[in-house]
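The next block is upload14.cif, given as mmCIF, C-alpha atoms.
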data_input
loop_
_atom_site.label_atom_id
_atom_site.label_comp_id
_atom_site.auth_asym_id
_atom_site.auth_seq_id
_atom_site.Cartn_x
_atom_site.Cartn_y
_atom_site.Cartn_z
CA MET A 9 16.09 51.27 112.53
CA LYS A 10 17.76 52.44 109.33
CA ALA A 11 20.97 50.82 108.17
CA ILE A 12 22.31 54.27 107.30
CA SER A 13 20.87 57.66 108.18
CA ILE A 14 22.50 60.84 106.84
CA LYS A 15 21.20 64.30 107.74
CA ASN A 16 22.38 67.69 106.41
CA LEU A 17 25.77 66.34 105.36
CA ASN A 18 28.22 68.92 104.01
CA LYS A 19 31.77 68.63 102.75
CA THR A 20 34.02 71.27 101.20
CA TYR A 21 37.61 70.33 100.40
CA LYS A 22 40.54 72.63 101.22
CA GLU A 23 40.89 73.86 97.64
CA GLY A 24 37.31 75.13 97.83
CA HIS A 25 35.52 72.35 95.96
CA VAL A 26 32.06 71.83 97.43
CA ALA A 27 31.54 68.07 97.31
CA LEU A 28 28.32 67.71 99.34
CA LYS A 29 25.51 70.19 99.99
CA ASN A 30 23.02 69.40 102.76
CA VAL A 31 22.70 65.75 101.77
CA ASP A 32 19.88 63.77 103.38
CA LEU A 33 19.90 60.03 102.70
CA GLU A 34 18.43 56.95 104.33
CA VAL A 35 19.07 53.31 103.52
CA ALA A 36 16.68 50.74 104.95
CA GLU A 37 17.98 47.61 106.63
CA GLY A 38 18.14 44.74 104.14
CA ASP A 39 17.83 47.02 101.11
CA PHE A 40 19.73 46.64 97.84
CA PHE A 41 20.42 50.33 97.30
CA ALA A 42 21.92 52.09 94.27
CA LEU A 43 23.81 55.36 94.72
CA LEU A 44 24.22 56.76 91.23
CA GLY A 45 25.76 59.87 89.73
CA PRO A 46 28.32 61.08 87.20
CA ASN A 47 32.01 61.25 88.04
CA GLY A 48 32.69 63.91 90.67
CA ALA A 49 29.07 64.01 91.82
CA GLY A 50 29.83 63.19 95.46
CA LYS A 51 29.37 59.40 95.67
CA THR A 52 32.97 58.69 96.70
CA THR A 53 32.87 61.49 99.27
CA ILE A 54 29.80 59.95 100.93
CA ILE A 55 31.50 56.56 101.05
CA GLY A 56 34.67 58.19 102.36
CA ILE A 57 32.76 59.82 105.21
CA LEU A 58 30.98 56.56 106.07
CA THR A 59 34.32 54.77 106.28
CA SER A 60 36.21 57.62 108.06
CA LEU A 61 38.56 58.20 105.11
CA VAL A 62 37.04 61.68 104.65
CA ASN A 63 36.14 64.15 107.39
CA LYS A 64 32.80 65.90 107.04
CA ASN A 65 32.35 69.62 107.69
CA SER A 66 28.91 69.27 109.23
CA GLY A 67 25.94 66.96 109.42
CA ASN A 68 24.97 63.78 111.18
CA VAL A 69 25.74 60.21 110.09
CA LYS A 70 24.47 57.11 111.83
CA ILE A 71 25.15 53.48 110.97
CA PHE A 72 22.54 51.19 112.51
CA GLY A 73 21.79 53.95 114.99
CA VAL A 74 25.42 54.50 115.98
CA ASP A 75 26.64 58.07 115.46
CA ILE A 76 30.03 57.92 113.75
CA ASP A 77 31.18 60.93 115.78
CA GLU A 78 30.39 59.18 119.05
CA ASP A 79 31.54 55.60 118.46
CA PHE A 80 33.11 54.98 115.08
CA ASP A 81 34.88 51.85 116.31
CA LEU A 82 31.48 50.22 116.80
CA ALA A 83 29.96 51.73 113.64
CA LYS A 84 32.76 50.42 111.41
CA THR A 85 32.11 46.83 112.51
CA TYR A 86 28.81 47.05 110.64
CA LEU A 87 30.58 47.96 107.39
CA GLY A 88 32.29 45.91 104.71
CA VAL A 89 33.74 47.97 101.87
CA VAL A 90 34.86 46.99 98.38
CA PRO A 91 36.65 50.10 97.00
CA GLN A 92 37.31 50.85 93.36
CA GLU A 93 41.07 50.34 93.60
CA PHE A 94 42.81 47.11 94.61
CA ASN A 95 44.36 47.81 98.00
CA PHE A 96 45.62 44.47 99.30
CA ASN A 97 49.18 43.16 99.56
CA ILE A 98 49.84 41.57 96.17
CA PHE A 99 52.62 39.44 97.64
CA GLU A 100 50.26 37.71 100.07
CA THR A 101 48.01 34.78 99.18
CA PRO A 102 44.20 35.20 99.12
CA TYR A 103 43.93 32.92 102.15
CA ASP A 104 46.43 34.96 104.19
CA ILE A 105 44.77 38.23 103.16
CA LEU A 106 41.45 37.03 104.57
CA ILE A 107 42.98 35.65 107.78
CA THR A 108 44.83 38.93 108.35
CA GLN A 109 41.67 40.97 107.76
CA ALA A 110 39.77 38.80 110.24
CA GLY A 111 42.46 39.52 112.81
CA TYR A 112 41.78 43.25 112.56
CA TYR A 113 38.28 42.53 113.87
CA GLY A 114 39.40 40.22 116.66
CA ILE A 115 37.92 37.11 115.06
CA PRO A 116 39.35 33.90 116.58
CA ARG A 117 41.70 32.12 114.20
CA ASN A 118 39.66 28.91 113.98
CA ILE A 119 36.57 30.88 112.96
CA ALA A 120 38.64 33.00 110.57
CA ARG A 121 39.88 29.85 108.83
CA GLU A 122 36.32 28.52 108.44
CA ARG A 123 35.08 31.81 107.00
CA ALA A 124 38.05 32.17 104.68
CA GLU A 125 37.38 28.74 103.23
CA PHE A 126 33.66 29.46 102.91
CA TYR A 127 34.02 32.79 101.08
CA LEU A 128 36.90 31.70 98.87
CA LYS A 129 34.86 28.68 97.76
CA LYS A 130 31.67 30.73 97.24
CA LEU A 131 33.58 33.21 95.10
CA GLY A 132 35.46 30.59 93.08
CA LEU A 133 38.89 31.33 94.53
CA TRP A 134 39.60 28.26 96.65
CA ASP A 135 41.96 26.71 94.10
CA LYS A 136 43.92 30.00 94.13
CA LYS A 137 44.11 30.30 97.91
CA ASP A 138 47.88 29.66 98.11
CA VAL A 139 49.14 31.64 95.11
CA LYS A 140 50.45 35.20 95.32
CA SER A 141 47.60 37.60 94.71
CA MET A 142 49.58 39.44 92.03
CA THR A 143 49.01 36.42 89.77
CA LEU A 144 45.20 36.69 89.93
CA SER A 145 43.21 38.04 87.02
CA GLY A 146 41.36 41.34 87.40
CA GLY A 147 38.07 39.55 87.97
CA MET A 148 39.58 37.29 90.62
CA LYS A 149 41.05 40.29 92.41
CA ARG A 150 37.59 41.88 92.49
CA ARG A 151 36.14 38.74 94.03
CA LEU A 152 38.95 38.62 96.56
CA MET A 153 38.04 42.18 97.58
CA ILE A 154 34.45 41.05 98.17
CA ALA A 155 35.61 38.07 100.24
CA ARG A 156 37.83 40.32 102.35
CA ALA A 157 34.99 42.79 102.92
CA LEU A 158 32.74 39.97 104.15
CA ILE A 159 35.18 38.12 106.42
CA HIS A 160 33.86 39.83 109.56
CA GLU A 161 30.27 39.29 108.31
CA PRO A 162 29.18 42.93 108.31
CA LYS A 163 25.55 44.06 108.24
CA ILE A 164 26.27 46.48 105.36
CA LEU A 165 28.31 45.81 102.21
CA ILE A 166 29.40 48.85 100.19
CA LEU A 167 30.33 48.04 96.59
CA ASP A 168 32.05 50.94 94.84
CA GLU A 169 32.17 50.15 91.10
CA PRO A 170 32.75 46.44 91.84
CA THR A 171 32.42 45.18 88.27
CA ALA A 172 34.61 47.74 86.49
CA GLY A 173 36.75 45.83 84.03
CA VAL A 174 35.12 42.49 84.84
CA ASP A 175 33.84 40.39 81.93
CA ILE A 176 30.14 39.61 81.57
CA GLU A 177 30.30 36.02 82.85
CA LEU A 178 32.18 36.97 86.02
CA ARG A 179 29.88 39.93 86.59
CA ARG A 180 26.89 37.59 86.48
CA GLU A 181 28.51 35.16 88.94
CA MET A 182 29.38 37.99 91.33
CA TRP A 183 25.85 39.34 91.26
CA GLU A 184 24.34 35.93 91.94
CA PHE A 185 26.45 35.69 95.08
CA VAL A 186 25.70 39.25 96.19
CA LYS A 187 21.97 38.73 95.66
CA GLU A 188 22.20 35.58 97.75
CA ILE A 189 23.76 37.31 100.77
CA ASN A 190 21.23 40.13 100.43
CA SER A 191 18.22 37.81 100.36
CA LYS A 192 19.39 35.01 102.68
CA LYS A 193 21.66 36.79 105.13
CA LYS A 194 19.78 40.11 104.94
CA VAL A 195 23.01 42.02 104.31
CA THR A 196 22.24 45.61 103.27
CA ILE A 197 23.94 46.37 99.93
CA ILE A 198 24.96 49.84 98.76
CA LEU A 199 26.07 49.86 95.13
CA THR A 200 27.70 52.52 93.00
CA THR A 201 28.04 51.61 89.35
CA HIS A 202 28.23 53.08 85.86
CA TYR A 203 26.48 49.99 84.50
CA LEU A 204 22.95 51.29 84.98
CA GLU A 205 21.41 48.06 83.72
CA GLU A 206 22.91 46.42 86.83
CA ALA A 207 21.23 48.95 89.11
CA GLU A 208 17.89 48.52 87.34
CA GLU A 209 18.03 44.74 87.59
CA LEU A 210 19.40 44.41 91.12
CA CYS A 211 18.34 47.33 93.26
CA LYS A 212 15.12 48.10 95.11
CA TYR A 213 15.86 51.75 95.86
CA VAL A 214 17.92 54.40 94.09
CA ALA A 215 19.35 57.79 94.95
CA ILE A 216 20.88 59.98 92.25
CA ILE A 217 23.44 62.59 93.24
CA ASN A 218 24.77 65.38 91.05
CA GLN A 219 27.03 68.31 91.94
CA GLY A 220 26.89 67.32 95.59
CA GLU A 221 23.09 67.27 95.87
CA ILE A 222 20.57 64.44 95.93
CA ILE A 223 18.30 65.12 92.96
CA GLU A 224 16.23 61.93 93.15
CA SER A 225 15.57 59.38 95.87
CA SER A 226 12.83 56.79 95.48
CA PRO A 227 12.04 53.09 95.04
CA ILE A 228 13.40 52.14 91.64
CA LYS A 229 10.00 50.86 90.46
CA ASP A 230 8.48 54.30 91.18
CA LEU A 231 11.28 56.07 89.36
CA LEU A 232 10.90 53.85 86.30
CA LYS A 233 7.24 54.81 86.08
CA LYS A 234 8.42 58.29 85.11
CA ALA A 235 9.99 56.98 81.92
CA ASP A 236 7.61 58.23 79.25
CA VAL A 237 9.29 56.66 76.23
CA GLN A 238 11.55 53.79 75.31
CA THR A 239 14.01 53.63 72.42
CA PHE A 240 14.80 50.62 70.23
CA VAL A 241 17.38 50.13 67.50
CA LEU A 242 16.26 48.04 64.50
CA ASP A 243 18.71 46.53 62.05
CA VAL A 244 16.89 46.13 58.72
CA GLU A 245 17.52 44.16 55.57
CA GLU A 246 16.69 46.93 53.09
CA ASP A 247 18.92 49.87 52.13
CA LEU A 248 16.93 52.92 53.19
CA ASN A 249 17.28 56.54 52.10
CA GLU A 250 14.79 57.91 54.60
CA ALA A 251 12.93 56.80 57.71
CA PRO A 252 9.37 55.54 57.22
CA LYS A 253 6.56 57.41 58.95
CA ILE A 254 4.40 55.55 61.46
CA ARG A 255 1.60 56.45 63.86
CA ALA A 256 2.87 54.19 66.66
CA GLY A 257 5.95 56.31 67.35
CA LYS A 258 8.83 58.22 65.85
CA ILE A 259 11.49 56.66 63.62
CA ASN A 260 14.91 58.16 62.86
CA LEU A 261 17.30 56.89 60.18
CA VAL A 262 20.71 56.18 61.76
CA ASP A 263 22.22 54.77 58.58
CA LYS A 264 20.85 52.99 55.52
CA ASN A 265 20.36 49.71 57.44
CA THR A 266 19.58 51.03 60.92
CA LEU A 267 16.47 52.63 62.37
CA GLU A 268 15.94 54.15 65.79
CA VAL A 269 12.35 53.84 67.06
CA VAL A 270 10.99 55.93 69.93
CA ILE A 271 7.61 54.82 71.32
CA PRO A 272 5.58 55.64 74.45
CA LYS A 273 6.18 53.17 77.25
CA SER A 274 2.46 52.35 77.17
CA SER A 275 2.67 51.36 73.52
CA SER A 276 3.52 47.93 72.14
CA LEU A 277 6.40 47.40 69.72
CA SER A 278 4.14 45.06 67.79
CA ASN A 279 2.27 48.16 66.56
CA VAL A 280 5.50 49.37 64.97
CA PHE A 281 6.06 46.03 63.19
CA ARG A 282 2.45 46.03 62.04
CA GLU A 283 2.85 49.43 60.40
CA LEU A 284 6.18 48.52 58.83
CA GLY A 285 4.41 45.54 57.29
CA ASP A 286 6.13 43.69 54.48
CA LYS A 287 7.96 46.75 53.19
CA ILE A 288 10.76 46.63 55.76
CA HIS A 289 12.24 43.42 57.17
CA VAL A 290 13.82 43.66 60.65
CA VAL A 291 16.92 41.47 61.04
CA SER A 292 17.59 42.21 64.74
CA MET A 293 16.44 44.51 67.51
CA ARG A 294 17.89 45.88 70.77
CA ASN A 295 17.23 48.54 73.36
CA LYS A 296 19.26 51.68 72.77
CA ARG A 297 19.37 52.43 76.48
CA ASN A 298 17.57 50.91 79.41
CA ARG A 299 14.85 52.93 81.10
CA LEU A 300 16.95 53.88 84.10
CA GLU A 301 19.70 55.19 81.85
CA GLU A 302 17.19 57.36 79.98
CA LEU A 303 15.91 58.82 83.25
CA PHE A 304 19.40 59.23 84.68
CA ILE A 305 20.55 61.27 81.70
CA ASP A 306 17.40 63.40 81.70
CA LEU A 307 17.76 64.15 85.43
CA ILE A 308 21.45 65.02 85.13
CA ARG A 309 20.84 67.25 82.12
CA GLY A 310 18.00 68.94 83.94
CA LYS A 311 20.20 69.61 86.97
CA ASN A 312 22.94 71.01 84.76
CA GLY A 313 20.51 73.22 82.85
CA LYS A 314 20.99 71.40 79.55
CA LYS A 315 18.34 70.58 77.00
#
Write-out of the structure in structure tokens:
Amino acid sequence: MKAISIKNLNKTYKEGHVALKNVDLEVAEGDFFALLGPNGAGKTTIIGILTSLVNKNSGNVKIFGVDIDEDFDLAKTYLGVVPQEFNFNIFETPYDILITQAGYYGIPRNIARERAEFYLKKLGLWDKKDVKSMTLSGGMKRRLMIARALIHEPKILILDEPTAGVDIELRREMWEFVKEINSKKKVTIILTTHYLEEAEELCKYVAIINQGEIIESSPIKDLLKKADVQTFVLDVEEDLNEAPKIRAGKINLVDKNTLEVVIPKSSSLSNVFRELGDKIHVVSMRNKRNRLEELFIDLIRGKNGKK
């Protein structure tokens, strides 16, 4: 059984904007799945249809085999959603927000209290359980949203841009927790993010949507195999007037102290250093873009007819 099965899904809004065009999408149970695309591509519309916030025009959507048109009340119990915008009562405490959410799902109060304590502690919010939520930092509010989405212990967790505006340390802590519930509790994760390095590191499967159509859907390791080149930025000690020529790849001069090196993915960067020899001393090095970002941009440009 698939966690989510979408067939021939279409959505056109009243003003005539075609948001989805015959979308087919499957998410396997227990997967860590990335749904990627530029702004306005259709990601939010898919999530809206899954959560009943948006009505589809046609198509079939099943959540763990339950057709949302036939029994959405059952289907929604499988879903936990962390939206982009904060949508809780800022005058309530984190503890009360979780207890109230549990009540919507008919969870007995004693169990709700146990779960609220568990998730608030796991997400580093227990010492803030009795303060008004308006006083929480942005990162804490994000974690509270995750705790609320998990209080009824859903089989699927949808994370819509969950780390937007969250600092690096908090992002890392959040992902450690999310990876834990994916691996230990077998919760299926669906992630949308603009931080493509997160998707590359975390996800097993990726679908890329653009202009309402799925343009790529594959295991992420298979997609990354399509990356023909990788780009590195080298900060150098010397003041350069032109880029040196090498056989191992192509070098562009960004500024007098910065080189951009493009090499085949099958090639080793050590070949570049060997050819640079003692003439150019590299102070530091970094990836310009990760491999998934390179592919993402190429696919989107291809879809849009750009070179």
- Determine the nearest neighbour of Ala120 of chain A from the options A:Thr108, A:Thr171, A:Asn260, A:Gln238, counting all atoms listed in the file.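 Ranking A:Thr108, A:Thr171, A:Asn260, A:Gln238 by distance to Ala120 of chain A, first place goes to A:Thr108.
Atom to atom, atom CA of Leu106 of chain A and atom CA of Arg156 of chain A stand 5.4 Å apart.
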Can you check which parts of segment 16-46 of chain A lie within 7 Å of segment 194-203 of chain A? Per residue, the shortest pair of atoms and distance in Å to one decimal, counting all atoms listed in the file, sorted by chain and number, as JSON lines.
{"residue": "A:Glu37", "atom": "CA", "partner": "A:Thr196", "partner_atom": "CA", "distance": 5.8}
{"residue": "A:Gly38", "atom": "CA", "partner": "A:Thr196", "partner_atom": "CA", "distance": 4.3}
{"residue": "A:Asp39", "atom": "CA", "partner": "A:Thr196", "partner_atom": "CA", "distance": 5.1}
{"residue": "A:Phe40", "atom": "CA", "partner": "A:Ile197", "partner_atom": "CA", "distance": 4.7}
{"residue": "A:Phe41", "atom": "CA", "partner": "A:Ile198", "partner_atom": "CA", "distance": 4.8}
{"residue": "A:Ala42", "atom": "CA", "partner": "A:Leu199", "partner_atom": "CA", "distance": 4.8}
{"residue": "A:Leu43", "atom": "CA", "partner": "A:Thr200", "partner_atom": "CA", "distance": 5.1}
{"residue": "A:Leu44", "atom": "CA", "partner": "A:Thr200", "partner_atom": "CA", "distance": 5.8}
- Evaluate the PyMOL selection byres ((chain A and resi 240-243) around 12) on the structure here and hand back the selected residues as a ChimeraX atom specification. /A:237-239,244-248,251,257-273,276-277,280-281,284,288-299
- atom CA of Ile71 of chain A to atom CA of Phe126 of chain A: how many Å, to one decimal? 26.7 Å
- Task: Run through the PyMOL selection byres ((chain A and resi 158-163) around 10) on the given coordinates and return the selected residues as a PyMOL selection string.
- Result: chain A and resi 11+37-38+71-72+84-90+106-115+119-124+126-127+152-157+164-165+189-190+193-197
- Task: Convert the output of the PyMOL selection byres ((chain A and resi 91) around 9) on the shown file into explicit residues, formatted as a ChimeraX atom specification.
- Result: /A:89-90,92-95,153,166-170
- For the atom pair atom CA of Asn249 of chain A and atom CA of Arg282 of chain A, what is the interatomic distance in Å to one decimal place?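 Going from atom CA of Asn249 of chain A over to atom CA of Arg282 of chain A, I get 20.7 Å.
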- Item | Counting only C-alpha atoms, the residue of A:Asn47, A:Asn65, A:Thr59, A:Ser275 that sits nearest Tyr21 of chain A |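 Checking each candidate against Tyr21 of chain A, we get A:Asn65 as the closest.
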- Item | Contacts of Asp138 of chain A within 10 Å, all atoms listed in the file, excl. fewer than 3 positions in-chain, as a list in words | Glu100, Thr101, Pro102, Tyr103, Asp104, Leu133, Trp134, Asp135 and Ser141 of chain A
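Residues with any atom within 9 Å of segment 223-228 of chain A, counting only C-alpha atoms and excluding same-chain neighbours fewer than 2 positions away, are Leu33, Ala42, Ala207, Glu208, Cys211, Lys212, Tyr213, Val214, Ala215, Ile216, Ile217, Asn218, Glu221, Asp230, Leu231, Leu232, Lys233, Leu300, Leu307, Ile308 and Lys311 of chain A.
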- Go through A:Ser60, A:Asn30, A:Ser13, A:Asn279 and flag the residue nearest Ala256 of chain A, using all atoms listed in the file for the distances.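 Nearest to Ala256 of chain A: A:Asn279.
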Could the residues of segment 200-271 of chain A that have an atom at most 12 Å from segment 178-182 of chain A be listed as a tab-separated table, each with its closest atom pair and the distance in Å to one decimal, counting all atoms listed in the file and ordered by chain and ascending residue number?
residue	atom	partner	partner_atom	distance
A:Tyr203	CA	A:Arg179	CA	10.8
A:Glu206	CA	A:Arg179	CA	9.5
A:Glu209	CA	A:Arg180	CA	11.4
A:Leu210	CA	A:Arg180	CA	11.1
Suppose we keep C-alpha atoms; can you now write the selection as a PDB file, keeping the file's coordinate frame?
ATOM      1  CA  TYR A 203      26.480  49.990  84.500  1.00  0.00           C
ATOM      2  CA  GLU A 206      22.910  46.420  86.830  1.00  0.00           C
ATOM      3  CA  GLU A 209      18.030  44.740  87.590  1.00  0.00           C
ATOM      4  CA  LEU A 210      19.400  44.410  91.120  1.00  0.00           C
TER       5      LEU A 210
END
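Closest to Phe304 of chain A among A:Thr143, A:Glu205, A:Lys253, A:His25 is A:Glu205, based on only C-alpha atoms.
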- Thr20 of chain A surroundings by all atoms listed in the file, 9 Å radius, close-in-sequence under 5 positions cut, as number ranges by chain: A: 25-29, 64-65
Box for segment 152-157 of chain A - axis-aligned, 6 Å on each of the six sides, all listed atoms - centre and size in Å to one decimal, as JSON.
{"center_x": 36.7, "center_y": 40.4, "center_z": 99.7, "size_x": 16.5, "size_y": 16.7, "size_z": 18.4}
- Neighbours of point (23.6, 57.1, 114.7) within 12 Å, using all atoms listed in the file, written as a ChimeraX atom specification: /A:9-15,34,58,67-80,82-84
- Query: Which one of A:Ile55, A:Ile305, A:Ile98, A:Leu128 sits closest to Lys140 of chain A if you count all atoms listed in the file?
  - Reply: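 Closest to Lys140 of chain A, using all atoms listed in the file: A:Ile98.
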- Pick from A:Lys19, A:Arg117, A:Ala36, A:Met148 nearest to Gly132 of chain A, counting only C-alpha atoms: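 The answer is A:Met148, which sits nearest to Gly132 of chain A.
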